[in-house]
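**Q** Below is upload00.txt; it holds compact mmCIF, C-alpha atoms.
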```txt
# COMPACT_ATOMS: atom_id res chain seq x y z
CA MET A 1492 14.27 52.40 48.22
CA LYS A 1493 16.72 50.48 46.16
CA MET A 1494 17.05 47.87 48.90
CA GLU A 1495 13.29 47.37 49.10
CA SER A 1496 13.11 47.05 45.31
CA ARG A 1497 15.85 44.43 45.30
CA LEU A 1498 14.18 42.51 48.12
CA GLY A 1499 10.90 42.62 46.22
CA VAL A 1500 12.49 41.27 43.06
CA LEU A 1501 14.45 38.68 45.03
CA GLY A 1502 11.32 37.62 46.93
CA THR A 1503 9.37 37.29 43.70
CA ALA A 1504 12.15 35.19 42.17
CA VAL A 1505 12.24 32.90 45.21
CA LEU A 1506 8.46 32.53 45.08
CA VAL A 1507 8.50 31.67 41.36
CA ILE A 1508 11.26 29.09 41.82
CA ALA A 1509 9.49 27.58 44.82
CA CYS A 1510 6.29 27.15 42.78
CA TRP A 1511 8.12 25.95 39.67
CA ILE A 1512 10.11 23.04 41.25
CA PRO A 1513 7.04 20.98 42.35
CA SER A 1514 5.40 21.42 38.94
CA VAL A 1515 8.56 20.14 37.21
CA LYS A 1516 8.59 17.07 39.47
CA ALA A 1517 4.89 16.50 38.76
CA GLN A 1518 5.61 16.36 34.99
CA GLN A 1519 8.18 13.60 35.27
CA PRO A 1520 6.86 10.16 34.28
CA PRO A 1521 6.33 7.67 37.08
CA PRO A 1522 9.02 5.03 37.50
CA PRO A 1523 8.46 1.80 35.54
CA PRO A 1524 6.79 -1.06 37.41
CA PRO A 1525 9.12 -3.70 38.80
CA PRO A 1526 9.62 -6.79 36.63
CA PRO A 1527 7.41 -9.77 37.46
CA PRO A 1528 8.98 -12.39 39.72
CA GLU A 1529 10.61 -15.22 37.84
CA SER A 1530 8.67 -18.46 37.84
CA THR A 1531 10.38 -21.73 38.61
CA ALA A 1532 7.65 -23.74 36.84
CA PRO A 1533 8.68 -25.50 33.61
CA PRO A 1534 7.36 -24.01 30.36
CA THR A 1535 3.95 -25.18 29.21
CA PRO A 1536 4.13 -27.64 26.30
CA VAL A 1537 2.73 -26.30 23.03
CA ALA A 1538 0.41 -28.39 20.87
CA PRO A 1539 1.85 -29.21 17.44
CA ASP A 1540 0.57 -27.13 14.56
CA SER A 1541 1.27 -26.77 10.85
CA THR A 1542 4.65 -25.12 11.54
CA SER A 1543 5.98 -28.31 13.13
CA THR A 1544 5.20 -30.31 9.98
CA GLY A 1545 8.04 -28.62 8.13
CA LYS A 1546 5.85 -26.59 5.78
CA LYS A 1547 6.80 -22.99 5.16
CA ARG A 1548 4.27 -20.45 6.39
CA HIS A 1549 4.08 -17.01 4.86
CA SER A 1550 1.90 -14.04 5.60
CA TYR A 1551 1.31 -13.52 1.89
CA PHE A 1552 -0.17 -15.68 -0.84
CA GLU A 1553 2.41 -17.30 -3.07
CA GLY A 1554 0.60 -17.65 -6.35
CA PHE A 1555 0.75 -16.94 -10.03
CA LEU A 1556 0.60 -13.19 -10.68
CA ILE A 1557 -1.62 -11.95 -13.50
CA ARG A 1558 -0.97 -8.29 -14.19
CA GLY A 1559 -1.47 -5.92 -17.04
CA THR A 1560 -3.01 -2.76 -18.45
CA VAL A 1561 -6.28 -2.10 -20.25
CA PHE A 1562 -6.37 0.54 -22.99
CA THR A 1563 -9.15 2.37 -24.81
CA PRO A 1564 -9.41 1.90 -28.60
CA GLU A 1565 -7.41 5.15 -28.93
CA GLY A 1566 -4.59 3.74 -26.79
CA ARG A 1567 -5.22 5.64 -23.53
CA ALA A 1568 -5.31 4.03 -20.09
CA PHE A 1569 -8.80 2.73 -19.25
CA PRO A 1570 -9.74 3.11 -15.55
CA ASP A 1571 -12.49 1.18 -13.69
CA VAL A 1572 -12.76 -1.69 -16.18
CA GLN A 1573 -14.32 -4.81 -14.61
CA MET A 1574 -12.59 -8.19 -14.96
CA LYS A 1575 -13.62 -11.70 -13.99
CA ILE A 1576 -11.30 -14.69 -13.75
CA ARG A 1577 -12.07 -18.41 -13.64
CA ARG A 1578 -10.33 -21.69 -14.30
CA THR A 1579 -10.98 -22.85 -17.85
CA THR A 1580 -12.36 -26.11 -16.45
CA GLU A 1581 -15.02 -24.31 -14.37
CA LYS A 1582 -18.18 -22.40 -15.25
CA LYS A 1583 -18.25 -20.07 -12.24
CA PHE A 1584 -15.99 -17.03 -12.02
CA ARG A 1585 -13.98 -17.06 -8.78
CA TRP A 1586 -12.20 -13.70 -8.84
CA GLU A 1587 -13.32 -10.19 -9.75
CA ILE A 1588 -11.10 -7.13 -10.00
CA SER A 1589 -11.10 -3.74 -11.69
CA THR A 1590 -8.41 -1.51 -13.11
CA ASN A 1591 -7.01 1.43 -11.18
CA SER A 1592 -6.94 5.06 -12.38
CA ARG A 1593 -4.06 4.23 -14.75
CA GLY A 1594 -5.74 1.18 -16.29
CA ASP A 1595 -3.46 -1.25 -14.41
CA PHE A 1596 -4.53 -4.42 -12.60
CA ALA A 1597 -2.85 -7.26 -10.73
CA ILE A 1598 -4.17 -10.39 -9.02
CA ARG A 1599 -2.65 -13.60 -7.69
CA VAL A 1600 -4.22 -16.95 -8.49
CA PRO A 1601 -3.15 -20.48 -7.53
CA PRO A 1602 -0.50 -21.83 -9.95
CA GLY A 1603 -0.87 -24.99 -12.00
CA ALA A 1604 -4.01 -24.28 -14.05
CA GLU A 1605 -5.25 -22.40 -17.08
CA TYR A 1606 -7.39 -19.34 -16.44
CA GLU A 1607 -9.80 -17.31 -18.53
CA LEU A 1608 -9.80 -13.56 -18.02
CA VAL A 1609 -12.93 -11.75 -19.25
CA VAL A 1610 -12.70 -7.96 -19.48
CA HIS A 1611 -15.95 -5.96 -19.50
CA ALA A 1612 -16.47 -2.22 -19.96
CA LYS A 1613 -19.81 -0.57 -20.68
CA GLY A 1614 -20.11 0.39 -24.35
CA PHE A 1615 -17.31 -1.95 -25.49
CA ALA A 1616 -17.11 -5.56 -26.66
CA ASP A 1617 -15.99 -8.00 -23.96
CA GLN A 1618 -12.41 -9.24 -24.32
CA SER A 1619 -11.33 -12.72 -23.28
CA LYS A 1620 -7.78 -13.99 -22.71
CA ILE A 1621 -6.49 -17.43 -21.71
CA ILE A 1622 -3.63 -17.38 -19.20
CA ASP A 1623 -1.44 -20.46 -18.72
CA ALA A 1624 -0.36 -20.64 -15.07
CA LYS A 1625 1.16 -24.11 -15.52
CA SER A 1626 4.50 -22.76 -16.68
CA SER A 1627 7.54 -22.34 -14.46
CA THR A 1628 7.30 -18.55 -14.48
CA SER A 1629 5.40 -16.89 -11.67
CA ALA A 1630 3.86 -13.98 -13.57
CA GLU A 1631 2.07 -13.09 -16.79
CA ASN A 1632 1.97 -9.57 -18.24
CA ILE A 1633 -1.09 -8.78 -20.33
CA SER A 1634 -1.99 -5.80 -22.48
CA ILE A 1635 -5.63 -5.49 -23.52
CA ARG A 1636 -7.05 -2.99 -26.01
CA MET A 1637 -10.82 -2.64 -25.80
CA GLU A 1638 -12.84 -2.66 -29.03
CA SER A 1639 -16.11 -1.03 -29.95
CA PRO A 1640 -19.13 -3.43 -29.88
CA GLY A 1641 -19.17 -3.78 -33.70
CA GLY A 1642 -15.56 -4.96 -33.88
CA LYS A 1643 -12.36 -3.15 -34.77
CA LYS A 1644 -12.57 0.34 -36.27
```
Turn this file's structure into structure tokens for me.

**A**
Amino acid sequence: MKMESRLGVLGTAVLVIACWIPSVKAQQPPPPPPPPPESTAPPTPVAPDSTSTGKKRHSYFEGFLIRGTVFTPEGRAFPDVQMKIRRTTEKKFRWEISTNSRGDFAIRVPPGAEYELVVHAKGFADQSKIIDAKSSTSAENISIRMESPGGKK
């Protein structure tokens, strides 16, 4: 009886291994495709573009950074305040932003001009600031405290 039991266990083990090996091979990734044959043709000439003119190209906008924080009259951070920015020589506002949950904002504008920043929040008097982007610095930090519509308290 012991011999039959051992043969049964051994037969079961052989059967499990025989079924397991093909499934392991089936899970292996296929071999990578062969590399494409090398071409003996000369490379195709590329048309000149703005990079061949010597100008630097960046994936980001290099401008004058206007950043700051807007506060309530009590001195707390003021979220979701609307702001409009325009050149002082123009009538139309070109940029619109709003403050984040901490009252902070940041926007890049082209350097070399003066800008007017108008801050608007419902229930408060509009605030206006002139920003000089003609200077050699690349950023301006602004702190704005909103006032009630009647003026300062």

**Q** Give me, as JSON, numbers by chain, all polymer residues having an atom no more than 12 Å from segment 1593-1606 of chain A, counting all atoms listed in the file and skipping those fewer than 3 positions away in the same chain.

**A** {"A": [1551, 1552, 1553, 1554, 1555, 1556, 1557, 1558, 1559, 1560, 1561, 1562, 1563, 1566, 1567, 1568, 1569, 1570, 1571, 1572, 1573, 1574, 1575, 1576, 1577, 1578, 1579, 1580, 1581, 1582, 1583, 1584, 1585, 1586, 1587, 1588, 1589, 1590, 1609, 1610, 1612, 1619, 1620, 1621, 1622, 1623, 1624, 1625, 1626, 1627, 1628, 1629, 1630, 1631, 1632, 1633, 1634, 1635, 1636, 1637]}

**Q** Just give me the gap between atom CA of Asp1617 of chain A and atom CA of Pro1640 of chain A in Å, one decimal is fine.

**A**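 About the pair atom CA of Asp1617 of chain A and atom CA of Pro1640 of chain A: they are 8.1 Å apart.
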
**Q** Give me, please, the distance in Å between atom CA of Glu1638 of chain A and atom CA of Ala1616 of chain A, quoted to one decimal.

**A** 5.7 Å

**Q** Report the centre and edge lengths, in Å to one decimal, of an axis-aligned box enclosing every atom of segment 1553-1568 of chain A listed in the file, padded by 8 Å on each side, as JSON.

**A**
```
{"center_x": -3.5, "center_y": -6.0, "center_z": -16.0, "size_x": 27.8, "size_y": 39.3, "size_z": 41.9}
```

**Q** To one decimal place, how far is atom CA of Leu1608 of chain A from atom CA of Asn1591 of chain A in Å?

**A** 16.7 Å
